>>> print(open('entry_17.cif').read())   # mmCIF, C-alpha atoms
data_model
loop_
_atom_site.label_atom_id
_atom_site.label_comp_id
_atom_site.auth_asym_id
_atom_site.auth_seq_id
_atom_site.Cartn_x
_atom_site.Cartn_y
_atom_site.Cartn_z
CA MET A 1 15.03 0.32 17.85
CA GLN A 2 15.70 -0.54 14.18
CA PHE A 3 12.66 -1.03 11.97
CA LEU A 4 12.95 -4.79 11.50
CA ASP A 5 13.69 -5.31 15.19
CA ARG A 6 10.61 -3.29 16.01
CA LEU A 7 8.52 -5.43 13.67
CA VAL A 8 9.70 -8.56 15.49
CA PHE A 9 8.69 -6.94 18.78
CA ILE A 10 5.27 -6.05 17.35
CA PHE A 11 4.68 -9.62 16.15
CA LEU A 12 5.60 -10.97 19.58
CA VAL A 13 3.02 -8.63 21.10
CA LEU A 14 0.45 -9.74 18.52
CA GLY A 15 1.14 -13.39 19.29
CA SER A 16 0.94 -12.89 23.04
CA TRP A 17 -2.69 -11.76 22.97
CA LEU A 18 -3.80 -14.23 20.28
CA SER A 19 -3.21 -17.09 22.73
CA HIS A 20 -5.40 -15.62 25.51
CA GLY A 21 -9.16 -15.44 26.04
CA ASN A 22 -12.15 -17.61 25.18
CA THR A 23 -13.56 -18.53 21.76
CA ILE A 24 -17.10 -17.55 20.73
CA GLU A 25 -18.51 -19.30 17.67
CA VAL A 26 -20.67 -17.29 15.30
CA CYS A 27 -22.77 -18.96 12.59
CA PRO A 28 -26.24 -18.45 11.06
CA SER A 29 -27.70 -21.35 13.10
CA CYS A 30 -25.66 -20.81 16.29
CA PRO A 31 -26.93 -19.18 19.50
CA VAL A 32 -24.68 -16.30 18.46
CA SER A 33 -25.82 -15.68 14.89
CA SER A 34 -24.41 -12.23 14.07
CA VAL A 35 -20.99 -10.66 14.24
CA LYS A 36 -22.36 -7.65 16.14
CA GLN A 37 -23.83 -9.98 18.74
CA GLY A 38 -20.51 -11.78 19.07
CA VAL A 39 -18.61 -8.53 19.52
CA SER A 40 -21.08 -7.41 22.18
CA LEU A 41 -20.67 -10.67 24.13
CA ALA A 42 -16.88 -10.86 23.83
CA SER A 43 -14.52 -9.94 26.63
CA PRO A 44 -11.12 -8.43 25.92
CA TYR A 45 -8.75 -10.86 24.16
CA ASP A 46 -11.53 -13.28 23.22
CA THR A 47 -11.69 -14.77 19.73
CA LEU A 48 -14.75 -14.66 17.49
CA LEU A 49 -14.64 -17.72 15.26
CA ILE A 50 -16.96 -16.80 12.41
CA LYS A 51 -18.23 -19.81 10.50
CA LYS A 52 -18.91 -19.92 6.78
CA GLY A 53 -22.05 -18.07 5.74
CA THR A 54 -23.27 -14.65 4.64
CA TYR A 55 -23.76 -11.98 7.29
CA LYS A 56 -25.54 -8.90 5.96
CA GLU A 57 -24.13 -6.52 8.52
CA GLY A 58 -22.44 -3.15 8.46
CA ASN A 59 -21.20 -0.51 10.89
CA ILE A 60 -19.69 -3.22 13.11
CA LEU A 61 -17.72 -1.40 15.81
CA ILE A 62 -14.72 -3.20 17.32
CA ASP A 63 -14.01 -1.21 20.50
CA LYS A 64 -12.19 -3.86 22.54
CA PRO A 65 -9.06 -5.97 21.91
CA ILE A 66 -10.40 -9.12 20.24
CA ASN A 67 -9.57 -11.45 17.37
CA LEU A 68 -11.96 -11.92 14.43
CA ILE A 69 -11.12 -15.13 12.60
CA GLY A 70 -13.11 -16.42 9.66
CA GLU A 71 -13.48 -20.10 8.80
CA ASN A 72 -13.71 -20.73 5.02
CA TYR A 73 -14.09 -17.01 4.32
CA PRO A 74 -17.47 -16.06 5.76
CA ILE A 75 -18.97 -13.07 3.96
CA LEU A 76 -19.69 -9.73 5.61
CA ASP A 77 -21.89 -7.87 3.15
CA GLY A 78 -22.66 -4.16 3.53
CA GLU A 79 -25.26 -4.32 0.75
CA ASN A 80 -23.76 -1.21 -0.87
CA GLU A 81 -25.00 0.99 1.96
CA THR A 82 -22.42 1.20 4.75
CA GLU A 83 -18.91 0.79 6.08
CA ILE A 84 -18.43 -2.70 7.47
CA LEU A 85 -15.74 -2.98 10.18
CA THR A 86 -14.60 0.03 12.22
CA VAL A 87 -11.82 -0.59 14.75
CA THR A 88 -11.10 1.82 17.61
CA ALA A 89 -9.31 -0.55 20.05
CA ASN A 90 -5.67 -1.56 20.25
CA GLN A 91 -4.61 -5.17 19.78
CA VAL A 92 -7.22 -6.24 17.25
CA SER A 93 -6.66 -9.03 14.73
CA ILE A 94 -8.84 -9.57 11.64
CA GLU A 95 -8.17 -12.68 9.56
CA GLY A 96 -9.87 -14.90 7.01
CA LEU A 97 -12.95 -12.80 6.19
CA GLN A 98 -14.57 -11.86 2.89
CA ILE A 99 -15.76 -8.27 3.15
CA GLN A 100 -17.82 -6.87 0.30
CA ASN A 101 -20.21 -4.25 -1.04
CA VAL A 102 -19.49 -1.11 0.95
CA GLY A 103 -20.94 1.07 -1.77
CA THR A 104 -19.79 4.39 -3.17
CA SER A 105 -20.35 7.53 -1.12
CA TYR A 106 -19.67 11.14 -2.10
CA LEU A 107 -20.09 12.33 1.50
CA GLU A 108 -17.80 9.96 3.48
CA ASP A 109 -14.77 7.77 2.88
CA ARG A 110 -16.37 4.42 3.64
CA ALA A 111 -14.11 1.39 3.99
CA GLY A 112 -14.27 -2.35 4.27
CA ILE A 113 -11.98 -2.17 7.31
CA ARG A 114 -11.19 1.15 9.01
CA LEU A 115 -8.77 1.66 11.91
CA LYS A 116 -8.94 4.84 14.01
CA LYS A 117 -6.09 5.64 16.40
CA VAL A 118 -5.13 1.99 16.82
CA ARG A 119 -1.89 0.30 17.90
CA ASN A 120 -0.65 -3.28 17.57
CA PHE A 121 -3.04 -4.48 14.88
CA SER A 122 -3.05 -7.33 12.39
CA ILE A 123 -5.14 -7.48 9.19
CA ARG A 124 -4.25 -10.68 7.43
CA ASN A 125 -5.47 -13.01 4.71
CA ASN A 126 -8.79 -11.30 3.99
CA ARG A 127 -10.68 -10.79 0.74
CA LEU A 128 -12.22 -7.39 0.10
CA PHE A 129 -14.44 -6.86 -2.93
CA ASN A 130 -16.17 -3.64 -4.00
CA THR A 131 -15.33 -1.82 -0.78
CA PHE A 132 -14.74 1.76 -2.07
CA PHE A 133 -11.76 2.17 0.30
CA GLY A 134 -10.46 -1.29 1.15
CA ILE A 135 -8.31 -1.01 4.30
CA TYR A 136 -8.13 2.52 5.76
CA LEU A 137 -5.56 3.22 8.49
CA GLY A 138 -5.84 6.56 10.29
CA TYR A 139 -3.46 7.60 13.08
CA SER A 140 -2.51 3.94 13.55
CA PHE A 141 0.85 2.52 14.57
CA ASP A 142 2.79 -0.71 14.98
CA GLY A 143 0.83 -3.14 12.84
CA GLN A 144 0.67 -5.31 9.76
CA VAL A 145 -1.45 -5.62 6.61
CA ILE A 146 -0.48 -8.95 5.07
CA ASP A 147 -1.71 -11.29 2.31
CA ASN A 148 -5.01 -9.57 1.61
CA GLU A 149 -6.78 -9.52 -1.76
CA ILE A 150 -8.47 -6.18 -2.41
CA ILE A 151 -10.36 -5.90 -5.69
CA GLY A 152 -12.42 -2.83 -6.52
CA GLU A 153 -14.74 -1.75 -9.29
CA ALA A 154 -13.35 1.74 -9.90
CA GLU A 155 -14.37 3.45 -13.13
CA GLU A 156 -13.41 7.07 -12.44
CA GLU A 157 -11.17 8.75 -9.85
CA MET A 158 -13.85 10.96 -8.29
CA SER A 159 -16.07 8.02 -7.34
CA SER A 160 -13.43 5.59 -6.13
CA GLY A 161 -11.19 5.11 -3.09
CA ASN A 162 -7.80 3.50 -2.47
CA ALA A 163 -7.21 -0.18 -1.79
CA ILE A 164 -4.80 0.36 1.14
CA HIS A 165 -4.92 3.90 2.50
CA ALA A 166 -2.67 5.04 5.38
CA TRP A 167 -2.75 8.53 6.89
CA TYR A 168 -0.55 9.67 9.78
CA CYS A 169 0.80 6.21 10.57
CA LYS A 170 4.13 4.77 11.68
CA ASN A 171 5.80 1.36 11.84
CA VAL A 172 3.42 -0.39 9.47
CA LEU A 173 4.25 -3.48 7.42
CA VAL A 174 2.34 -3.89 4.13
CA GLU A 175 3.30 -7.24 2.63
CA GLY A 176 2.03 -9.78 0.12
CA ASN A 177 -1.20 -8.01 -0.85
CA LEU A 178 -2.90 -8.05 -4.25
CA VAL A 179 -4.60 -4.71 -4.95
CA ARG A 180 -6.50 -4.00 -8.14
CA ARG A 181 -9.00 -1.60 -9.73
CA HIS A 182 -9.02 1.23 -7.21
CA ARG A 183 -8.04 4.89 -7.50
CA ASP A 184 -4.60 4.22 -5.95
CA GLY A 185 -3.46 0.74 -5.07
CA ILE A 186 -1.47 1.81 -1.97
CA TYR A 187 -1.56 5.36 -0.62
CA PHE A 188 0.75 6.72 2.11
CA GLU A 189 0.39 10.26 3.47
CA PHE A 190 2.41 11.30 6.53
CA VAL A 191 3.51 7.69 7.03
CA ASP A 192 6.98 7.14 8.48
CA SER A 193 9.30 4.20 9.19
CA SER A 194 7.19 1.68 7.31
CA LEU A 195 7.87 -1.16 4.90
CA ILE A 196 6.06 -2.16 1.69
CA LYS A 197 7.18 -5.46 0.16
CA ASN A 198 6.07 -8.33 -2.06
CA ASN A 199 2.81 -6.67 -3.15
CA VAL A 200 1.17 -6.65 -6.60
CA SER A 201 -0.61 -3.42 -7.52
CA GLU A 202 -2.22 -3.41 -10.95
CA ASP A 203 -5.00 -1.91 -13.07
CA ASN A 204 -5.56 1.07 -10.77
CA LEU A 205 -6.86 4.32 -12.22
CA ARG A 206 -4.22 6.69 -10.87
CA TYR A 207 -1.13 5.22 -9.13
CA GLY A 208 -0.05 1.75 -8.13
CA LEU A 209 1.67 3.35 -5.12
CA HIS A 210 1.42 6.96 -3.97
CA PHE A 211 3.66 8.57 -1.33
CA MET A 212 3.07 12.05 0.08
CA PHE A 213 5.00 13.69 2.93
CA SER A 214 6.31 10.33 4.17
CA ASN A 215 9.86 9.68 5.38
CA ASN A 216 12.21 6.82 6.20
CA ASP A 217 10.16 4.23 4.32
CA ASP A 218 11.36 1.28 2.25
CA TYR A 219 9.66 -0.62 -0.53
CA PHE A 220 11.06 -3.62 -2.35
CA ASN A 221 10.11 -6.59 -4.49
CA ASN A 222 6.73 -5.14 -5.49
CA GLU A 223 5.13 -5.25 -8.95
CA PHE A 224 3.34 -2.22 -10.39
CA ARG A 225 1.70 -2.81 -13.74
CA ARG A 226 -0.99 -1.36 -16.01
CA ASN A 227 -1.76 1.51 -13.66
CA GLY A 228 -2.55 5.06 -14.77
CA ALA A 229 1.02 5.59 -13.58
CA GLY A 230 3.20 3.22 -11.59
CA VAL A 231 4.46 5.03 -8.48
CA ALA A 232 4.48 8.66 -7.36
CA VAL A 233 6.80 9.70 -4.52
CA MET A 234 6.33 13.35 -3.54
CA PHE A 235 7.66 15.71 -0.87
CA SER A 236 9.44 12.95 1.06
CA LYS A 237 12.94 12.01 2.14
CA LYS A 238 14.93 8.84 2.76
CA ILE A 239 12.72 6.54 0.70
CA ASN A 240 14.57 3.45 -0.48
CA MET A 241 13.22 1.56 -3.46
CA TRP A 242 14.80 -1.66 -4.69
CA GLU A 243 14.03 -4.82 -6.64
CA ASN A 244 10.63 -3.61 -7.84
CA VAL A 245 9.08 -4.08 -11.28
CA PHE A 246 7.38 -1.16 -13.05
CA GLU A 247 5.80 -2.29 -16.30
CA PHE A 248 3.11 -1.55 -18.88
CA ASN A 249 2.20 1.80 -17.32
CA TRP A 250 1.43 3.21 -20.74
CA GLY A 251 -0.56 6.26 -21.81
CA THR A 252 -0.26 9.89 -22.82
CA ALA A 253 1.21 10.91 -19.44
CA SER A 254 2.16 7.61 -17.78
CA TYR A 255 5.44 6.70 -16.13
CA GLY A 256 6.86 3.91 -14.07
CA MET A 257 7.94 6.31 -11.33
CA LEU A 258 7.43 10.01 -10.64
CA LEU A 259 9.75 11.72 -8.15
CA LYS A 260 8.90 15.23 -7.03
CA GLU A 261 10.90 17.05 -4.33
CA ILE A 262 12.53 13.88 -2.98
CA TYR A 263 15.77 13.92 -1.02
CA ASP A 264 18.36 11.30 -0.03
CA ALA A 265 16.90 8.20 -1.65
CA GLU A 266 18.27 4.93 -3.04
CA ILE A 267 16.75 3.48 -6.23
CA THR A 268 18.49 0.20 -6.95
CA ASN A 269 17.98 -3.05 -8.89
CA ASN A 270 14.56 -2.14 -10.27
CA ILE A 271 13.13 -3.06 -13.67
CA PHE A 272 11.35 -0.43 -15.76
CA ARG A 273 9.71 -2.13 -18.73
CA GLN A 274 7.42 -0.70 -21.41
CA ASN A 275 6.35 2.49 -19.67
CA THR A 276 5.68 5.74 -21.49
CA MET A 277 8.42 7.15 -19.24
CA GLY A 278 10.51 4.98 -16.93
CA ILE A 279 11.38 7.67 -14.36
CA PHE A 280 10.38 11.32 -14.40
CA VAL A 281 12.30 13.43 -11.86
CA GLU A 282 11.47 16.96 -10.74
CA SER A 283 13.33 19.03 -8.11
CA SER A 284 14.89 16.01 -6.40
CA THR A 285 18.32 15.93 -4.80
CA ARG A 286 20.96 13.43 -3.63
CA ILE A 287 19.39 10.32 -5.14
CA ASN A 288 21.42 7.30 -6.20
CA TYR A 289 20.10 5.41 -9.22
CA SER A 290 22.12 2.23 -9.67
CA GLN A 291 21.87 -1.19 -11.29
CA ASN A 292 18.40 -0.58 -12.71
CA GLU A 293 17.15 -2.00 -16.01
CA PHE A 294 15.33 0.30 -18.45
CA LEU A 295 13.78 -1.83 -21.19
CA ASN A 296 11.61 -0.75 -24.14
CA ASN A 297 10.30 2.44 -22.56
CA GLY A 298 9.40 5.61 -24.45
CA TRP A 299 11.73 7.75 -22.34
CA ALA A 300 13.89 5.82 -19.89
CA MET A 301 14.73 8.79 -17.62
CA ARG A 302 13.77 12.41 -17.83
CA PHE A 303 15.06 15.11 -15.49
CA SER A 304 13.22 18.38 -15.04
CA GLY A 305 14.58 21.48 -13.34
CA GLY A 306 16.03 21.67 -9.85
CA CYS A 307 17.63 18.19 -9.73
CA LEU A 308 20.96 18.44 -7.92
CA ASP A 309 23.78 16.08 -6.96
CA ASN A 310 22.22 12.85 -8.18
CA ASN A 311 24.23 9.79 -9.21
CA VAL A 312 23.13 7.64 -12.15
CA ASN A 313 25.54 4.73 -12.39
CA ALA A 314 25.78 1.09 -13.49
CA ASN A 315 22.30 1.06 -15.08
CA ASN A 316 21.33 -0.68 -18.33
CA PHE A 317 19.45 1.35 -20.94
CA ILE A 318 18.20 -1.10 -23.56
CA ALA A 319 15.94 -0.50 -26.57
CA ASN A 320 14.25 2.62 -25.25
CA THR A 321 12.99 5.18 -27.76
CA PHE A 322 14.94 7.84 -25.81
CA ASP A 323 17.31 7.00 -22.99
CA LEU A 324 17.89 10.25 -21.11
CA ALA A 325 16.71 13.85 -21.21
CA LEU A 326 17.93 16.85 -19.20
CA ASN A 327 16.22 20.20 -19.67
CA ALA A 328 18.93 22.10 -17.78
CA SER A 329 22.65 21.88 -17.05
CA THR A 330 23.93 18.80 -15.22
CA ASN A 331 23.95 20.65 -11.83
CA GLY A 332 26.33 18.20 -10.20
CA ASN A 333 24.49 15.14 -11.47
CA GLN A 334 26.80 12.27 -12.39
CA PHE A 335 26.21 9.68 -15.15
CA ASP A 336 28.93 7.06 -14.93
CA GLY A 337 29.37 3.43 -15.87
CA ASN A 338 25.98 2.95 -17.54
CA TYR A 339 25.29 0.72 -20.54
CA TRP A 340 23.54 2.40 -23.46
CA SER A 341 22.30 0.03 -26.16
CA GLU A 342 22.25 2.87 -28.72
#
>>> encode(input="entry_17.cif", output="structure tokens")
Amino acid sequence: MQFLDRLVFIFLVLGSWLSHGNTIEVCPSCPVSSVKQGVSLASPYDTLLIKKGTYKEGNILIDKPINLIGENYPILDGENETEILTVTANQVSIEGLQIQNVGTSYLEDRAGIRLKKVRNFSIRNNRLFNTFFGIYLGYSFDGQVIDNEIIGEAEEEMSSGNAIHAWYCKNVLVEGNLVRRHRDGIYFEFVDSSLIKNNVSEDNLRYGLHFMFSNNDDYFNNEFRRNGAGVAVMFSKKINMWENVFEFNWGTASYGMLLKEIYDAEITNNIFRQNTMGIFVESSTRINYSQNEFLNNGWAMRFSGGCLDNNVNANNFIANTFDLALNASTNGNQFDGNYWSE
């Protein structure tokens, strides 16, 4: 099944369980006054409708297929002491909540929302503030993370987590999220056949987006700005990147995009604006760079050793301090039909 077809199938599955079950209202003055109590009372496929208010609760375990829906963004506050929502059941939906104050831990990777070995999930339209790790997906498949706002308070890499963190996942859609002030905005490790689109990742300490050992993924129409570095794609293959903006990633060792040991990728119709280095490439092979704009960067493109059989064509290099650097022979790399303003 093609990726987009599979996403449609997943959304149909998500919709089929949303329409089943009873609704349990949770509010500070209701008979059910805590989220934990509501989860305990719920049967599979019930909906918890959480009314506006502040619920000082953490370590809430979701171990059955239910829907958590917030009305007017009720607040789940961990009081800087604990993880807040931990999901271990398939077919769970979390929507419309404000989740805050997980607190920094040097012993465990706490998160605002954590999924463990979950399928068919939906995390949508939530606000996460000061959550160390925002949304943490582990061994989770066939789901969506859409339209969430995840704002951290990271000051140094060692004491901060990632806004959206995915490890050993497949068929995940990450769309329309705003992620800011974490270690990495979006982090993928061993994540295959997934799609990242229409996100804004800015003001993160390390990378706006970080890929490691992930294959057959696409990302398009995202904005990466003012990060320690824009995007790092490492040890992966068949990653397609188009119509993204990489801008203002500026510092002594910053770049819009780092590629390290990447194979068979398409990099098309992107804008690289005012980065220390637009693209830095190391040991990467059979990549097509076409119709990209390199504007006012320090270096537009810089190739290190071991880059073979790449095509750089129909790109615009405009007002960069340096347009292109190769530290070795061309090694089958082609540079055709580009515009060089110098």
>>> atom_distance(input="entry_17.cif", atom1="CA of Gln98 in chain A", atom2="CA of Tyr45 in chain A")
22.1 Å
>>> resolve_selection(input="entry_17.cif", expression="the PyMOL selection byres ((chain A and resi 299-316) around 6)", output="PyMOL selection string")
chain A and resi 277-294+297-298+317+322-327+331-339
>>> closest_residue(input="entry_17.cif", among="A:Asn320, A:Lys117, A:Lys237, A:Tyr263", to="Glu342 in chain A", atoms="all atoms listed in the file")
A:Asn320
>>> resolve_selection(input="entry_17.cif", expression="the PyMOL selection byres ((chain A and resi 128-145) around 7)", output="MDAnalysis selection string")
chainID A and resid 10 98:104 109:124 126:127 146 149:153 160:175
>>> atom_distance(input="entry_17.cif", atom1="CA of Pro44 in chain A", atom2="CA of Val87 in chain A")
13.7 Å
>>> resolve_selection(input="entry_17.cif", expression="the PyMOL selection byres ((chain A and resi 205) around 8)", output="PyMOL selection string")
chain A and resi 154-157+181-184+203-204+206-207+227-228
>>> atom_distance(input="entry_17.cif", atom1="CA of Glu57 in chain A", atom2="CA of Thr86 in chain A")
12.1 Å
>>> closest_residue(input="entry_17.cif", among="A:Glu266, A:Glu223, A:Glu189, A:Glu261", to="Glu247 in chain A", atoms="all atoms listed in the file")
A:Glu223
>>> closest_residue(input="entry_17.cif", among="A:Ser34, A:Ala42, A:Leu68, A:Leu258", to="Tyr55 in chain A", atoms="only C-alpha atoms")
A:Ser34
>>> closest_residue(input="entry_17.cif", among="A:Met212, A:Leu61, A:Ile69, A:Val231", to="Ile24 in chain A", atoms="all atoms listed in the file")
A:Ile69
>>> closest_residue(input="entry_17.cif", among="A:Ser193, A:Glu83, A:Gly185, A:Lys260", to="Arg226 in chain A", atoms="all atoms listed in the file")
A:Gly185
>>> residues_near_point(input="entry_17.cif", point="(-16.5, -21.7, 13.3)", cutoff="8 Å", atoms="only C-alpha atoms", output="NGL selection string")
:A and (25-27 or 49-52 or 70-71)
>>> axis_aligned_box(input="entry_17.cif", around="range 76-84 of chain A", padding_each_side="3 Å", output="lines of an AutoDock Vina configuration file")
center_x = -21.8
center_y = -4.3
center_z = 3.3
size_x = 12.8
size_y = 16.9
size_z = 14.3
>>> closest_residue(input="entry_17.cif", among="A:Asn72, A:Asn59, A:Ser159, A:Asn125", to="Ser105 in chain A", atoms="all atoms listed in the file")
A:Ser159
